[in-house]
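Asker: One structure coming up, written as structure tokens, with questions to follow.
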Amino acid sequence: MKSVAEQLGVIRRGTEQIEPFEELQRKLERSLQTKKPLRVKYGIDPTAADVHLGHTVPLRKMRLFQELGHQAVLIIGNYTALVGDPSGRDQTRAKLTQELVEANAQEYLQQVSKIIDISKTEVHRNGDWFSHYSFLQVMELCGKITVQRMMERDDFTKRLSKGEPISLHECLYPLMQGQDSVEIHADIELGGSEQLFNLMRGRHLQQDAGQEPQVCITLPILRGLDGEKRMGKSLKNYIGVGEPAREQFGKTMRIPDELLKEWFELLTDRSEADIARFLDPDQTTPFEAKKILAGDIVTFYHGAEAAKVARADWEKQFSEKQDPDHIPEAKIEGARLAEGKMNICPLLVTAGLAPSNKEARRKIGEGAVHIGPDRRKITDPNEAVAVESGLVLRLGRKIVRVTIS
RNA sequence: GGGUCGGUGGCAGAGUGGUCAAUUGCACCAGACUGUAAAUCUGGCGGGCUCAGCCCUACGGGGGUUCAAAUCCCUCCCGGCCCA
């Protein structure tokens, strides 16, 4: 095991705050002496079946703790998901059914295992304990915080002043998350910076329960593709860990330059020196830096070879304006062809390039549709196109190769 | 429970009997430029069709008045505020 100083060094990298820092130091020292790993908690609510890069910031930190020999404890918030975390939200989350939550949870676990070593991770569903809580216990839990304290939260204050509804059950959320820490005896809890209130609840509840309180480590919120708002599913500004290599690469190439620094810091293992070099315009162009970043991200989820391919394809398509070597396939049923032909609009829709005939028609009018090896521009929305396997269709930056089934 | 205001497209927010598939902003898509960055300009942004036209669905749900409703009436559901 590494020395406390060494551990602290890597743990601190990229964190927002460590509260309280001295306690972390003490815990690490004791752990080293007793050879007893620290229990590091991270909770994730299976509200949708997609893990994105925003989630990976704390998960990567958890992975680091695993590498340092500590015990990762992952909480699947199947009960908290039913409540909905009010943190950073300006409205109540939509209600989810238990079945949906469980289905999401399965998917989550699979995706999370791309980042942490799931075989060495303790996984709990907080429904395991909350489903057995009596009403009395819930009341006792509620007694551990005042309404004033709860309302001090920024998100609640905002909603209150804007006249937006706050449901009482949302107030349960921080208490539940905190109680999770009691249940699993957490030494450390990881979370996004907006989680501080919830994480601190855990400390208080643990103290109440006669436990040593956890250290709260918050990590910066990753901004999404737009470069402004936090990465999130609902904002459609995310990159999923399960997405294909070319998608991850392409989306990364579209982020604003200003995002480069934080993405390198939060999503890659690049050293400070490397990052400084990439961001220095005298040594690396932002364009190249972005390709490196995109390559790093793809490498993490798909391997170095896939990253190489994704980059080569991308350059071929966008820099050289050629057809890339690897083009996603779109299946067209042979039965839909009339004498080997099909009208261009339904063809684009079937190939998944356009959401509707109407939209396809518009895009043709805008000069966004090109087909075939010579990338002929389609101008007539009623054109019947000769379709054969291998035909390449383009609509804007989207590209697809037709296969007839 | 009472009073009152309100529920419009992904969001914000106009519209208060016909000219409304619904002003505008944001977001989003595409075109030009370019580094699929930023900035800028342009077009688009419910759906179907035999597509300069026609048709269908849509302004919380249901019902009604009217030649005609997002707009008026009834009712139900949901929310804010005030009172209890």
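In the structure tokens, the first chain shown is A, the next is B, and so on; residue numbers restart at 1 for each chain, and ligands run from 1 in the order shown.
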Residues within 12 Å of G3 of chain B, please, as a ChimeraX atom specification. Count only C-alpha atoms (C1' of nucleotides); anything in the same chain fewer than 5 positions from it doesn't count.

Answerer: /B:81-84

Asker: May I have the selected residues written with N, CA and C atoms (P, O5', C5', C4', C3', O3' and C1' of nucleotides), as a short mmCIF file (atom, residue, chain, number, x, y, z; two decimals), in the first residue's frame?

Answerer:
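Generated file (out_28.cif):
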```cif
data_model
loop_
_atom_site.label_atom_id
_atom_site.label_comp_id
_atom_site.auth_asym_id
_atom_site.auth_seq_id
_atom_site.Cartn_x
_atom_site.Cartn_y
_atom_site.Cartn_z
P C B 81 -47.15 28.69 -2.77
"O5'" C B 81 -47.95 30.04 -2.61
"C5'" C B 81 -47.38 31.28 -2.99
"C4'" C B 81 -48.45 32.33 -3.00
"C3'" C B 81 -49.27 32.41 -1.73
"O3'" C B 81 -48.61 33.19 -0.74
"C1'" C B 81 -50.74 32.36 -3.57
P C B 82 -48.78 32.82 0.81
"O5'" C B 82 -50.24 33.36 1.13
"C5'" C B 82 -50.49 34.77 1.12
"C4'" C B 82 -51.97 35.01 1.28
"C3'" C B 82 -52.61 34.35 2.49
"O3'" C B 82 -52.40 35.10 3.68
"C1'" C B 82 -53.96 33.96 0.60
P C B 83 -52.38 34.34 5.09
"O5'" C B 83 -53.88 33.85 5.27
"C5'" C B 83 -54.91 34.79 5.53
"C4'" C B 83 -56.24 34.08 5.56
"C3'" C B 83 -56.39 32.94 6.56
"O3'" C B 83 -56.61 33.40 7.88
"C1'" C B 83 -57.33 32.29 4.50
P A B 84 -56.24 32.44 9.11
"O5'" A B 84 -57.17 31.18 8.87
"C5'" A B 84 -58.51 31.16 9.35
"C4'" A B 84 -59.08 29.78 9.14
"C3'" A B 84 -58.41 28.65 9.92
"O3'" A B 84 -58.85 28.60 11.26
"C1'" A B 84 -58.70 27.99 7.68
#
```

Asker: Dump as CSV the rows for residues of chain A within 6 Å of chain B: closest atom pair and distance in Å with one decimal, only C-alpha atoms (C1' of nucleotides) counted, ordered by chain and rising residue number.

Answerer:
```
residue,atom,partner,partner_atom,distance
A:Gly163,CA,B:G80,C1',6.0
A:Arg254,CA,B:U36,C1',5.8
A:Pro256,CA,B:A37,C1',4.9
A:Asp257,CA,B:A37,C1',5.4
A:Phe287,CA,B:G35,C1',5.5
```

Asker: Taking the DSSP secondary structure from the backbone, can you list the residues of segment 248-374 of chain A that are alpha helix (DSSP H), as a ChimeraX atom specification?

Answerer: /A:248-253,260-267,272-279,286-302,304-314,344-350,357-365

Asker: Quick one: pick out all strand (DSSP E) residues within segment 141-343 of chain A from a backbone DSSP run and write them as an MDAnalysis selection string.

Answerer: chainID A and resid 188:192 215:219 329:332 341:343

Asker: For C-alpha atoms, I'd like the residues from the last selection saved as a PDB file, in the first residue's frame.

Answerer:
```pdb
ATOM      1  CA  ILE A 188     -15.797   8.225   2.713  1.00  0.00           C
ATOM      2  CA  GLU A 189     -18.560   9.277   0.400  1.00  0.00           C
ATOM      3  CA  LEU A 190     -18.031  10.592  -3.106  1.00  0.00           C
ATOM      4  CA  GLY A 191     -20.406  12.844  -4.962  1.00  0.00           C
ATOM      5  CA  GLY A 192     -20.800  15.768  -7.315  1.00  0.00           C
ATOM      6  CA  VAL A 215     -15.386  12.173   4.990  1.00  0.00           C
ATOM      7  CA  CYS A 216     -17.181  13.904   2.151  1.00  0.00           C
ATOM      8  CA  ILE A 217     -15.324  14.253  -1.094  1.00  0.00           C
ATOM      9  CA  THR A 218     -16.995  16.296  -3.799  1.00  0.00           C
ATOM     10  CA  LEU A 219     -15.977  16.432  -7.416  1.00  0.00           C
ATOM     11  CA  GLU A 329     -25.017   0.089 -41.394  1.00  0.00           C
ATOM     12  CA  ALA A 330     -28.670   0.715 -41.995  1.00  0.00           C
ATOM     13  CA  LYS A 331     -30.866  -2.181 -42.986  1.00  0.00           C
ATOM     14  CA  ILE A 332     -33.465  -1.723 -45.659  1.00  0.00           C
ATOM     15  CA  LYS A 341     -35.683   1.776 -56.266  1.00  0.00           C
ATOM     16  CA  MET A 342     -37.070   3.708 -53.371  1.00  0.00           C
ATOM     17  CA  ASN A 343     -38.101   7.310 -52.921  1.00  0.00           C
TER      18      ASN A 343
END
```

Asker: Leaving out segment 384-393 of chain A and any residue of its chain fewer than 6 positions from it, which residues lie within 10 Å of it when counting only C-alpha atoms (C1' of nucleotides), given as number ranges by chain?

Answerer: A: 323, 327-332, 334, 337-348, 351, 353, 369-376, 378, 399-405

Asker: Could you write out that same residue set with C-alpha atoms as a CSV table (one decimal), in the first residue's frame?

Answerer:
```csv
chain,number,residue,atom,x,y,z
A,323,ASP,CA,-16.2,8.3,-47.0
A,327,ILE,CA,-19.7,3.4,-41.8
A,328,PRO,CA,-22.6,2.3,-39.6
A,329,GLU,CA,-25.0,0.1,-41.4
A,330,ALA,CA,-28.7,0.7,-42.0
A,331,LYS,CA,-30.9,-2.2,-43.0
A,332,ILE,CA,-33.5,-1.7,-45.7
A,334,GLY,CA,-35.8,-5.6,-49.9
A,337,LEU,CA,-38.0,-1.5,-53.0
A,338,ALA,CA,-39.9,-1.1,-56.2
A,339,GLU,CA,-37.8,-2.3,-59.1
A,340,GLY,CA,-34.7,-1.8,-57.0
A,341,LYS,CA,-35.7,1.8,-56.3
A,342,MET,CA,-37.1,3.7,-53.4
A,343,ASN,CA,-38.1,7.3,-52.9
A,344,ILE,CA,-35.4,9.3,-51.2
A,345,CYS,CA,-37.5,10.6,-48.3
A,346,PRO,CA,-38.7,7.3,-47.0
A,347,LEU,CA,-35.2,5.9,-47.6
A,348,LEU,CA,-33.7,8.5,-45.4
A,351,ALA,CA,-32.1,4.5,-42.7
A,353,LEU,CA,-31.1,9.8,-40.9
A,369,VAL,CA,-28.5,15.2,-48.5
A,370,HIS,CA,-25.8,13.5,-50.6
A,371,ILE,CA,-25.6,9.9,-51.7
A,372,GLY,CA,-23.3,7.5,-53.4
A,373,PRO,CA,-19.5,7.4,-53.9
A,374,ASP,CA,-19.5,10.7,-55.8
A,375,ARG,CA,-21.6,12.2,-53.0
A,376,ARG,CA,-24.2,13.5,-55.5
A,378,ILE,CA,-30.1,15.3,-54.0
A,399,ILE,CA,-23.6,9.0,-42.6
A,400,VAL,CA,-24.9,5.5,-43.2
A,401,ARG,CA,-24.2,2.5,-45.5
A,402,VAL,CA,-27.3,0.7,-46.7
A,403,THR,CA,-27.6,-3.1,-46.6
A,404,ILE,CA,-30.6,-4.8,-48.1
A,405,SER,CA,-32.2,-7.5,-46.0
```
